[in-house]
Amino acid sequence: MTTKNEINPINETEEENVSKEEKRTIGTKLTLAKISPETEDTKIGDLTSIGEIGLESEEIDITTHDSEGDFKEFIAGSKDAGEVSVEGYLFNHKTFETLLKLANSREVRDWTVTYPSGAEWSFKAFVKSIKDAEKGLDSVAGFSMSLRVSGAPTFTAAK
């Protein structure tokens with residue numbers, strides 16, 4: 001049994017059972033869950049980057065004149081799941097139009113990021129920003145988007 005101050009080591013046997021291909025992130029998918037009257041989930045394709053997902057705690061300074069050794073003291077405050085940045089090619093104008101409408105509506109929707117291994121992040125978010133990328137002489141049409149996570153994201157390990 002692990003005590004409060006011990007950290008469980010990584011299960012090396014489990015790690016060895018993951019193929020090298022499953023460790024790579026190429027093939028990771030971003031999906032917008034359907035809502036009525038939509039008939040299917042929207043897969044956001046042609047992506048080149050899906051940003052970090054996780055959480056960060058605010059810090060509350062509880063330093064007093066009695067703090068030992070002249071060191072600041074802190075406790076954890078509210079948790080914030082932050083934003084997920086997304087970049088890709090603008091090959092599917094219908095999907096881009098859907099994302100633009102979603103940004104205008106400010107609606108919080110269900111999103112999933114699925115790794116090739118089957119592991120998933122699920123979260124609620126609204127499209128905070130969406131931009132058509134710069135158009136250079138030798139460029140490919142692209143876009144960038146930021147999803148503002150609302151609430152707690154959930155990670156589910158691959159089965």
# chains A, B, ... in the order shown; residues from 1 in each chain; ligands from 1
$ select_by_dssp --residues "region 104-148 of chain A" --states "strand (DSSP E or B)" --output "VMD selection string"
chain A and resid 109 to 114 120 to 132 142 to 148
$ residues_around --residues "Val86 (chain A)" --least-positions-apart "6" --cutoff "12 Å" --atoms "only C-alpha atoms" --output "ChimeraX atom specification"
/A:28-31,44-53,99,113,127-131,133,142-148
$ write_last_selection --atoms "C-alpha atoms" --output "mmCIF file, in the first residue's frame"
data_model
loop_
_atom_site.group_PDB
_atom_site.id
_atom_site.type_symbol
_atom_site.label_atom_id
_atom_site.label_comp_id
_atom_site.auth_asym_id
_atom_site.auth_seq_id
_atom_site.Cartn_x
_atom_site.Cartn_y
_atom_site.Cartn_z
ATOM 1 C CA THR A 28 -4.199 11.800 -33.270
ATOM 2 C CA LYS A 29 -7.794 12.915 -33.908
ATOM 3 C CA LEU A 30 -9.867 15.890 -32.715
ATOM 4 C CA THR A 31 -13.621 15.355 -32.703
ATOM 5 C CA ILE A 44 -11.608 18.056 -37.517
ATOM 6 C CA GLY A 45 -9.233 16.810 -40.195
ATOM 7 C CA ASP A 46 -5.971 17.907 -41.790
ATOM 8 C CA LEU A 47 -4.499 19.018 -38.463
ATOM 9 C CA THR A 48 -0.790 19.643 -38.065
ATOM 10 C CA SER A 49 -0.801 20.360 -34.318
ATOM 11 C CA ILE A 50 -3.026 19.782 -31.293
ATOM 12 C CA GLY A 51 -1.741 21.641 -28.241
ATOM 13 C CA GLU A 52 -1.286 20.627 -24.642
ATOM 14 C CA ILE A 53 -4.195 19.398 -22.534
ATOM 15 C CA LEU A 99 -16.001 26.038 -36.534
ATOM 16 C CA VAL A 113 -8.767 14.109 -28.593
ATOM 17 C CA VAL A 127 -14.022 28.143 -29.676
ATOM 18 C CA LYS A 128 -12.220 31.126 -28.171
ATOM 19 C CA SER A 129 -10.519 32.121 -31.418
ATOM 20 C CA ILE A 130 -10.308 30.922 -34.984
ATOM 21 C CA LYS A 131 -8.186 32.473 -37.692
ATOM 22 C CA ALA A 133 -3.663 31.578 -41.584
ATOM 23 C CA GLY A 142 -4.290 26.957 -43.122
ATOM 24 C CA PHE A 143 -6.037 27.932 -39.925
ATOM 25 C CA SER A 144 -5.450 28.186 -36.205
ATOM 26 C CA MET A 145 -7.958 27.823 -33.415
ATOM 27 C CA SER A 146 -7.999 28.008 -29.653
ATOM 28 C CA LEU A 147 -10.439 25.953 -27.578
ATOM 29 C CA ARG A 148 -11.098 27.333 -24.069
#
$ atom_distance --atom1 "CA of Phe123 (chain A)" --atom2 "CA of Val149 (chain A)"
6.6 Å
$ residues_around --residues "Thr42 (chain A)" --least-positions-apart "4" --cutoff "7 Å" --atoms "only C-alpha atoms" --output "ChimeraX atom specification"
/A:31-34
$ residues_around --residues "Ala76 (chain A)" --least-positions-apart "5" --cutoff "10 Å" --atoms "only C-alpha atoms" --output "number ranges by chain"
A: 56-61
$ atom_distance --atom1 "CA of Glu134 (chain A)" --atom2 "CA of Glu97 (chain A)"
17.5 Å
$ select_by_dssp --residues "region 35-144 of chain A" --states "helix (DSSP H, G or I)" --output "number ranges by chain"
A: 68-70, 93-105
$ residues_around --residues "Thr63 (chain A)" --least-positions-apart "3" --cutoff "8 Å" --atoms "only C-alpha atoms" --output "list in words"
Asp66, Ser67, Phe71, Lys72, Glu73 and Phe74 of chain A
$ atom_distance --atom1 "CA of Ser122 (chain A)" --atom2 "CA of Asn104 (chain A)"
22.4 Å
$ closest_residue --among "A:Ala158, A:Tyr115, A:Arg106, A:Ala125" --to "Ser85 (chain A)" --atoms "only C-alpha atoms"
A:Ala125
$ residues_around --residues "Phe155 (chain A)" --least-positions-apart "4" --cutoff "8 Å" --atoms "only C-alpha atoms" --output "PyMOL selection string"
chain A and resi 119-122
